[in-house]
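Asker: Quick one: this structure, given as structure tokens, is what I'll be asking you about.
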Amino acid sequence: MDSPLGRVTAVLGPTNTGKTHYAIERMLAHRTGIIGLPLRLLAREVYDRIVAVRGPSAVALVTGEERIVGARATYWVCTVEAMPVGMAADFVAIDEIQLCADPDRGHVFTDRLLNMRGLHETLFMGSDTMRPTIAQLVPKVQFVRRERFSELIYSGSKKISRMPGRTAIVGFSVENVYAIAELLRRQKGGAAVVMGALSPRTRNAQVEMYQNGDVDYLVATDAIGMGLNLDIRHIAFSATSKFDGQRIRPLFPHEMGQIAGRAGRYMQPGTFGITGEASPLDDDLVDAIQTHRFKPIDRLFWRNDRLDFASAEALIAALETPSGEQVLTKGREADDLSSLKTLTALEGVAVRLRDARDVRLLWDVCRVPDFQGISHGEHTTLLSRIFGFLHEKGRVDSDWFARQVKRIDKPLGDIDMLSKRLAYVRTWTYVAQRKGWIDDETHWRAATRAVEDRLSDALHQALTNRFVDRRTSVLLRRLKMKEGLLAEINDKGEVVVEGETLGRLEGFRFHETGTTTPDEAKTVRQAATQALRPEFHLRADRFYNAPDTEMDFTEQGGLMWGDQAIGKLVKGSDALRPAVEAFVDDDAGPEVMQKVTRRLQHFIDRKVAAAFDPLLAMSRDETMTGLARGFAFRMMEGMGVLPRNEVAQDVKELEQDARGQLRKHGVRFGQFTVFQQLLLKPAPTRLRLVLWSLWKGLDEFPEAPPPGLVTVPGVVDAPDGYYTMAGYRLAGARAIRIDMLERLADLIRPADSRGGFEATADMLSITGMTLEQFADLMGGLGYNAERGERPKVKATAEAAEPEAAQTDTAAPEAPEAAPAEPSTEAATPPEEAVEATAPEVEIFYTFTWAPKRAPRGGPRREGNRDDRPQRKGKPKGKPGGKGKGDGNRGPQVFEAKPKREARIDPDNPFAALAALKDK
């Protein structure tokens with residue numbers, strides 16, 4: 001343990017003291033140098049820094065899985081395990097020397113502490129807790145104490161949702177890290193993930209994503225405490241205990257101090273605290289972390305470096321030889337020693353161990369790390385296979401090696417699958433880096449490195465896709481920087497801010513797409529509002545000046561501008577005076593809201609005025625007085641359509657002058673309905689249904705029947721009054737348009753409703769129905785339809801009488817006899833002859849007036865009301881009225897005229913009139 005010539009210095013102190021930077025400067029001051037670092041990732045970072053100063057030809061990078069040696073390499077950057085032993089260099093440095101106390105890797109660091117020296121200068125960098133042991137083990141060592149550049153402050157407990165930016169949250173299991181990262185994605189836009197199990201390329205990509213601000217949060221294991229220089233302002237512990245490979249134990253104070261010390265860079269203060277279910281830190285621990293004063297390390301893990309390769313047993317005995325120093329203690333049995341013991345117990349391996357060369361080869365194979373983390377048995381089986389190749393052929397079989405590499409060269413799959421493949425390829429990368437183990441080393445080193453790079457890139461992308469909402473994180477960063485956001489709206493209505501599609505602008509409302517949480521929606525809304533406020537004003541100006549032809553209303557009361565919903569109708573002070581509610585985001589401002597609302601009100605007011613012009617003109621007619629004016633008001637209430645039975649008394653009280661005033665405005669007094677013909681057109685009907693539904697407060701507005709149809713199928717569960725507003729009357733299974741119903745009534749009027757009549761071709765033509773459908777319609781109007789059958793009449797061109805051809809009930813004439821045919825054996829049998837000459841049968845219906853009266857005081861279904869009360873004798877009316885014209889006879893028109901039993905008495909005053917009528 002005697003130190004050779006050369007100055008030995010221990011630069012000790014907490015994190016953020018610039019120790020690694022100091023070591024690099026000191027190494028570059030010498031002609032040659034070697035620096036050992038605890039992580040492959042940190043080694044790569046230092047390598048890149050030196051290459052930037054001295055060029056790639058002067059620098060070498062050597063790790064277990066990577067070896068880059070410049071043509072004239074004078075500076076060697078290595079992981080501690082890969083440091084070349086026996087190489088004379090002017091300068092030697094070991095970073096994170098306190099890892100001598102690590103139960104797994106400590107014996108390697110202790111070996112470098114005791115045996116690695118530079119010809120001119122040696123540096124040990126690490127925690128001040130190593131001062132006593134270094135002073136005891138390294139003679140003439142000089143100590144340099146370095147203080148933190150910034151203050152470290154405890155900030156207590158914080159929820160993850162309230163974590164400040166530039167925070168690293170530390171977890172101690174893969175499941176915990178993933179759960180925290182997923183939570184940060186939902187609430188903060190995402191997080192980078194750093195774990196020791198990741199490849200350096202993946203960790204570099206994740207760290208870069210955090211460093212350049214794509215994400216504001218980092219989730220890491222305790223690997224973050226090993227020299228990673230990151231812009232971290234706050235460290236949050238999600239747990240204060242971890243599984244160390246054998247048991248779950250609390251973190252040592254110096255371990256927590258190492259991790260917490262990563263907060264704060266250079267002169268910027270840092271904070272640390274807890275989150276989630278982590279236990280609160282007691283005051284003594286907090287004080288120790290803030291002042292970096294921990295119990296000194298008084299035990300280092302050590303393993304004998306003077307190995308005996310005479311036999312496997314001798315080698316094992318040498319490795320287990322205890323130290324003579326009290327400060328050096330035997331550590332946990334390392335994986336390489338455990339593998340050695342297992343392999344030497346195998347008969348297939350033991351027979352090959354014939355001399356020291358074989359034992360040394362087996363030891364080299366046992367030192368292949370278990371990157372895969374598989375079971376000890378599987379790992380030793382793999383090592384046995386490699387040892388067999390090397391012992392028998394001197395090389396690992398190239399075909400077998402190629403198959404192993406090809407099997408895992410698949411950059412597809414989820415995070416877990418890619419992580420496993422990366423662990424597997426690290427084994428083959430390590431094997432390819434071993435000198436003399438495989439043919440064409442250069443090719444396989446490049447090939448395994450390429451596979452690792454592809455898998456690393458795929459894993460980085462998978463982590464990013466899962467744990468980063470790139471859109472939200474980018475917007476957060478730009479909003480934080482208070483930069484102006486450039487927004488545009490493409491032809492699909494998509495809102496794009498700084499290249500990120502945030503959602504769609506529909507009318508004057510912004511709809512986010514792809515957001516899943518209120519926090520994401522808030523971020524997107526903030527970015528969109530800042531960018532779209534000018535667009536709202538421009539769009540409001542265009543809408544205000546747009547013609548009415550670009551606007552429309554839906555049958556559910558929506559208001560449209562083109563294909564975009566911009567408002568809806570709401571109940572106003574009157575059925576024909578609806579109000580509007582504009583769909584405008586609050587972020588657009590009150591000016592935009594007022595402008596859109598005013599324009600929508602103008603549109604619907606003009607729409608009502610145009611559609612109901614006859615009705616409104618009638619209401620404004622000042623020449624209309626008395627009962628006519630009152631009836632006009634009723635028409636306004638019914639929006640131009642009134643069932644006759646609801647206003648029968650009002651109609652009865654109207655004088656001819658009053659009726660004339662109403663007829664001037666297109667009012668028609670039908671037998672079933674009083675209406676204005678112009679208001680039965682499709683446009684007024686569609687608007688009337690919407691306004692009526694709105695006034696009635698219906699949850700769902702019934703749709704208007706298709707235009708141009710005389711009859712339509714009945715609507716299931718139609719609200720009371722729907723058919724009247726639609727301009728139809730329900731009769732049976734179908735509803736008939738009210739104006740066509742009045743025409744049908746005119747055709748039925750001369751028929752014998754009591755004696756029975758049949759439908760004429762004109763009746764069927766008006767309704768456009770089949771005979772069966774017409775029968776159902778008549779049943780709905782109050783008629784009894786009696787079905788019958790009779791022989792079908794065949795008209796002949798020669799013998800048919802004109803009257804017979806026009807009468808359904810006329811008997812058919814006998815057909816003219818046909819010439820006699822000669823008798824044959826194949827003559828038609830008598831039964832077949834009868835069938836051949838049987839007349840065709842036709843179906844007919846006889847209709848008689850038989851209304852179904854509703855129970856007294858009971859409800860009546862619309863369309864099935866008894867509009868025609870039975871009255872005996874001649875209906876009341878003015879003398880000489882015949883029931884034609886405006887329908888003064890009322891709903892009795894369908895009633896058959898009573899049959900006269902005897903002629904009128906000659907002494908009757910109306911005898912002369914009756915005689916003239918009979919003539």
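Residues are referred to by chain and number: the chain letter is A, B, ... according to the order shown in the structure tokens, the number counts from 1 in that chain, and ligands are numbered separately from 1 in the order shown.
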Residues within 8 Å of segment 652-659 of chain A, please, as a PyMOL selection string. Count only C-alpha atoms; anything in the same chain fewer than 6 positions from it doesn't count.

Answerer: chain A and resi 624+626-628+888

Asker: What does the file look like for those residues with N, CA and C atoms, as a PDB file, in the first residue's frame?

Answerer:
```pdb
ATOM      1  N   MET A 624    -109.079  45.610 -39.938  1.00  0.00           N
ATOM      2  CA  MET A 624    -109.764  44.446 -39.379  1.00  0.00           C
ATOM      3  C   MET A 624    -110.218  44.786 -37.956  1.00  0.00           C
ATOM      4  N   GLY A 626    -113.362  44.057 -34.632  1.00  0.00           N
ATOM      5  CA  GLY A 626    -114.360  43.190 -34.031  1.00  0.00           C
ATOM      6  C   GLY A 626    -113.915  41.743 -33.929  1.00  0.00           C
ATOM      7  N   LEU A 627    -114.861  40.849 -34.246  1.00  0.00           N
ATOM      8  CA  LEU A 627    -114.602  39.419 -34.135  1.00  0.00           C
ATOM      9  C   LEU A 627    -113.505  38.965 -35.088  1.00  0.00           C
ATOM     10  N   ALA A 628    -113.373  39.605 -36.221  1.00  0.00           N
ATOM     11  CA  ALA A 628    -112.332  39.244 -37.183  1.00  0.00           C
ATOM     12  C   ALA A 628    -110.951  39.474 -36.581  1.00  0.00           C
ATOM     13  N   ASN A 888    -120.019  26.680 -44.170  1.00  0.00           N
ATOM     14  CA  ASN A 888    -120.901  27.204 -43.136  1.00  0.00           C
ATOM     15  C   ASN A 888    -121.684  26.099 -42.441  1.00  0.00           C
TER      16      ASN A 888
END
```

Asker: Would you please extract all strand (DSSP E or B) residues from segment 377-575 of chain A, as assigned by DSSP on the backbone, and give them as number ranges by chain?

Answerer: A: 468, 487-489, 494-497, 500-506, 508-512, 551-553, 558-561, 564-574

Asker: Near Ile24 of chain A, counting only C-alpha atoms, which residues have an atom at most 10 Å away, once you skip same-chain residues fewer than 5 positions from it, shown as a list in words?

Answerer: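 Those residues are Lys19, Ala29, Gly33, Ile34, Ile35, Val46, Tyr47, Arg49, Ile50 and Ala93 of chain A.
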
Asker: Could you give me, as a PyMOL selection string, the residues within 10 Å of Ser127 of chain A, counting only C-alpha atoms and dropping anything in the same chain fewer than 2 positions from it?

Answerer: chain A and resi 10-15+95-99+124-125+129-131+145-146+254+257-258+292-294+296-297

Asker: Using the selection just defined, write its residues with C-alpha atoms as a compact mmCIF listing (two decimals), in the first residue's frame.

Answerer:
```
# COMPACT_ATOMS: atom_id res chain seq x y z
CA ALA A 10 -8.14 13.69 -2.38
CA VAL A 11 -10.56 16.37 -3.51
CA LEU A 12 -13.53 15.86 -1.22
CA GLY A 13 -16.78 17.66 -0.65
CA PRO A 14 -20.51 17.64 -1.44
CA THR A 15 -22.03 17.69 -4.89
CA ASP A 95 -14.39 9.78 -9.35
CA GLU A 96 -17.02 9.04 -6.67
CA ILE A 97 -14.44 7.32 -4.51
CA GLN A 98 -17.00 6.84 -1.72
CA LEU A 99 -18.31 3.88 -3.74
CA PHE A 124 -9.50 10.88 -5.74
CA MET A 125 -12.81 12.77 -5.94
CA THR A 129 -16.97 10.95 4.46
CA MET A 130 -13.97 9.15 2.92
CA ARG A 131 -11.38 11.38 4.59
CA ARG A 145 -11.98 20.49 0.81
CA ARG A 146 -14.42 22.01 -1.70
CA HIS A 254 -25.00 9.95 2.94
CA GLY A 257 -27.29 13.57 0.64
CA GLN A 258 -25.64 12.38 -2.58
CA HIS A 292 -23.23 17.69 4.14
CA ARG A 293 -22.02 16.33 7.44
CA PHE A 294 -22.39 12.59 7.66
CA PRO A 296 -17.43 9.00 8.26
CA ILE A 297 -17.07 5.76 6.33
```

Asker: Neighbours of segment 687-702 of chain A within 8 Å (only C-alpha atoms; same-chain residues fewer than 4 positions away dropped), as a ChimeraX atom specification?

Answerer: /A:555-557,569-572,574-576,578,608,611,639,683,718,722,725-726

Asker: Name the closest residue to Ala197 of chain A among the candidates A:Leu41, A:Ala278, A:Leu390, A:Ile438; distances are taken between atoms, counting only C-alpha atoms.

Answerer: A:Leu41

Asker: Name the residues in contact with Glu320 of chain A at a cut-off of 8 Å, using only C-alpha atoms, excluding same-chain residues fewer than 2 positions from it; report them as a PyMOL selection string.

Answerer: chain A and resi 303-304+316-318+322+330

Asker: Limited to C-alpha atoms, could you put the picked residues into a file as a tab-separated table (two decimals), in the first residue's frame?

Answerer:
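out_38.tsv was written with the following content:
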```
chain	number	residue	atom	x	y	z
A	303	ARG	CA	-11.26	-8.36	-2.47
A	304	ASN	CA	-7.80	-9.83	-2.93
A	316	ILE	CA	-11.55	-19.31	-5.33
A	317	ALA	CA	-9.42	-19.46	-2.20
A	318	ALA	CA	-7.43	-16.41	-3.32
A	322	PRO	CA	-9.45	-11.91	4.02
A	330	LYS	CA	-15.06	-8.72	2.74
```

Asker: Considering only C-alpha atoms, state which residue in the set A:Asn16, A:Thr202, A:Ile748, A:Trp849 is at the smallest distance from Tyr783 of chain A.

Answerer: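 With only C-alpha atoms as the atom set, the closest residue is A:Trp849.
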
Asker: Can you work out which one of A:Asp720, A:Asp416, A:Glu494, A:Glu789 has the shortest atom-to-atom distance to Glu175 of chain A, counting only C-alpha atoms?

Answerer: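 Using only C-alpha atoms, Glu175 of chain A sits closest to A:Asp416.
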
Asker: What gap, in Å, lies between atom CA of Met778 of chain A and atom CA of Leu747 of chain A?

Answerer: 13.1 Å

Asker: Excluding same-chain residues fewer than 2 positions from segment 81-92 of chain A, what lies within 6 Å of it counting only C-alpha atoms, as a list in words?

Answerer: Met27, Thr32, Gly33, Ile34, Ile35, Thr63, Cys78, Thr79, Arg117, Gly118, Leu119, His120, Glu121 and Thr122 of chain A

Asker: For N, CA and C atoms, I'd like the residues from the last selection saved as a JSON list (two decimals), in the first residue's frame.

Answerer:
```json
[["chain", "number", "residue", "atom", "x", "y", "z"],
["A", 27, "MET", "N", -6.07, 16.72, -15.76],
["A", 27, "MET", "CA", -5.60, 15.68, -16.68],
["A", 27, "MET", "C", -5.07, 16.30, -17.97],
["A", 32, "THR", "N", -0.24, 12.57, -20.60],
["A", 32, "THR", "CA", -1.12, 11.39, -20.66],
["A", 32, "THR", "C", -1.93, 11.33, -19.38],
["A", 33, "GLY", "N", -3.08, 10.64, -19.49],
["A", 33, "GLY", "CA", -3.91, 10.53, -18.30],
["A", 33, "GLY", "C", -4.99, 9.48, -18.44],
["A", 34, "ILE", "N", -5.46, 9.00, -17.29],
["A", 34, "ILE", "CA", -6.57, 8.04, -17.21],
["A", 34, "ILE", "C", -7.53, 8.54, -16.13],
["A", 35, "ILE", "N", -8.79, 8.54, -16.46],
["A", 35, "ILE", "CA", -9.80, 8.90, -15.46],
["A", 35, "ILE", "C", -10.85, 7.81, -15.41],
["A", 63, "THR", "N", -15.24, 1.16, -21.98],
["A", 63, "THR", "CA", -16.19, 0.68, -20.97],
["A", 63, "THR", "C", -16.37, -0.82, -21.22],
["A", 78, "CYS", "N", -12.61, 6.04, -18.87],
["A", 78, "CYS", "CA", -13.07, 4.67, -18.66],
["A", 78, "CYS", "C", -14.08, 4.62, -17.52],
["A", 79, "THR", "N", -14.84, 3.53, -17.51],
["A", 79, "THR", "CA", -15.53, 3.20, -16.28],
["A", 79, "THR", "C", -14.50, 2.60, -15.33],
["A", 117, "ARG", "N", -2.11, 4.52, -9.60],
["A", 117, "ARG", "CA", -1.41, 5.77, -9.35],
["A", 117, "ARG", "C", -0.91, 6.36, -10.67],
["A", 118, "GLY", "N", -0.90, 7.67, -10.69],
["A", 118, "GLY", "CA", -0.30, 8.36, -11.82],
["A", 118, "GLY", "C", 1.17, 8.62, -11.57],
["A", 119, "LEU", "N", 1.96, 8.72, -12.63],
["A", 119, "LEU", "CA", 3.39, 8.95, -12.47],
["A", 119, "LEU", "C", 3.67, 10.30, -11.82],
["A", 120, "HIS", "N", 2.82, 11.27, -12.12],
["A", 120, "HIS", "CA", 3.05, 12.61, -11.57],
["A", 120, "HIS", "C", 1.93, 13.08, -10.64],
["A", 121, "GLU", "N", 0.70, 12.62, -10.91],
["A", 121, "GLU", "CA", -0.41, 13.13, -10.09],
["A", 121, "GLU", "C", -1.54, 12.10, -10.06],
["A", 122, "THR", "N", -2.13, 11.98, -8.88],
["A", 122, "THR", "CA", -3.30, 11.10, -8.69],
["A", 122, "THR", "C", -4.36, 11.88, -7.91]]
```

Asker: At a cut-off of 10 Å, can you tabulate as CSV every residue of segment 178-251 of chain A near segment 441-465 of chain A together with its closest atom pair and the distance in Å to one decimal, using only C-alpha atoms and ordering rows by chain then number?

Answerer:
```
residue,atom,partner,partner_atom,distance
A:Tyr178,CA,A:Leu463,CA,9.4
A:Ala181,CA,A:Leu463,CA,9.5
A:Arg185,CA,A:Thr464,CA,9.9
A:Gly190,CA,A:Thr464,CA,8.3
A:Ala191,CA,A:Thr464,CA,8.2
A:Ala192,CA,A:Thr464,CA,7.5
A:Val193,CA,A:Leu463,CA,7.5
A:Leu198,CA,A:Ser456,CA,8.1
A:Ser199,CA,A:Ser456,CA,6.4
A:Pro200,CA,A:Ser456,CA,8.2
A:Arg201,CA,A:Ser456,CA,5.9
A:Thr202,CA,A:Ser456,CA,5.0
A:Arg203,CA,A:His460,CA,7.9
A:Asn204,CA,A:His460,CA,9.3
A:Ala205,CA,A:His460,CA,6.7
A:Gln206,CA,A:His460,CA,6.8
A:Met209,CA,A:Thr464,CA,9.2
```

Asker: DSSP on the backbone: what in segment 383-611 of chain A comes out helix (DSSP H, G or I), as number ranges by chain?

Answerer: A: 383-393, 398-408, 415-433, 441-467, 470-480, 518-544, 548-550, 586-588, 590-611

Asker: Of the candidates A:Arg112, A:Arg426, A:Phe467, A:Pro713, which shows the shortest atom-to-atom distance to Glu66 of chain A, using only C-alpha atoms?

Answerer: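 Closest to Glu66 of chain A of all the choices is A:Arg426.
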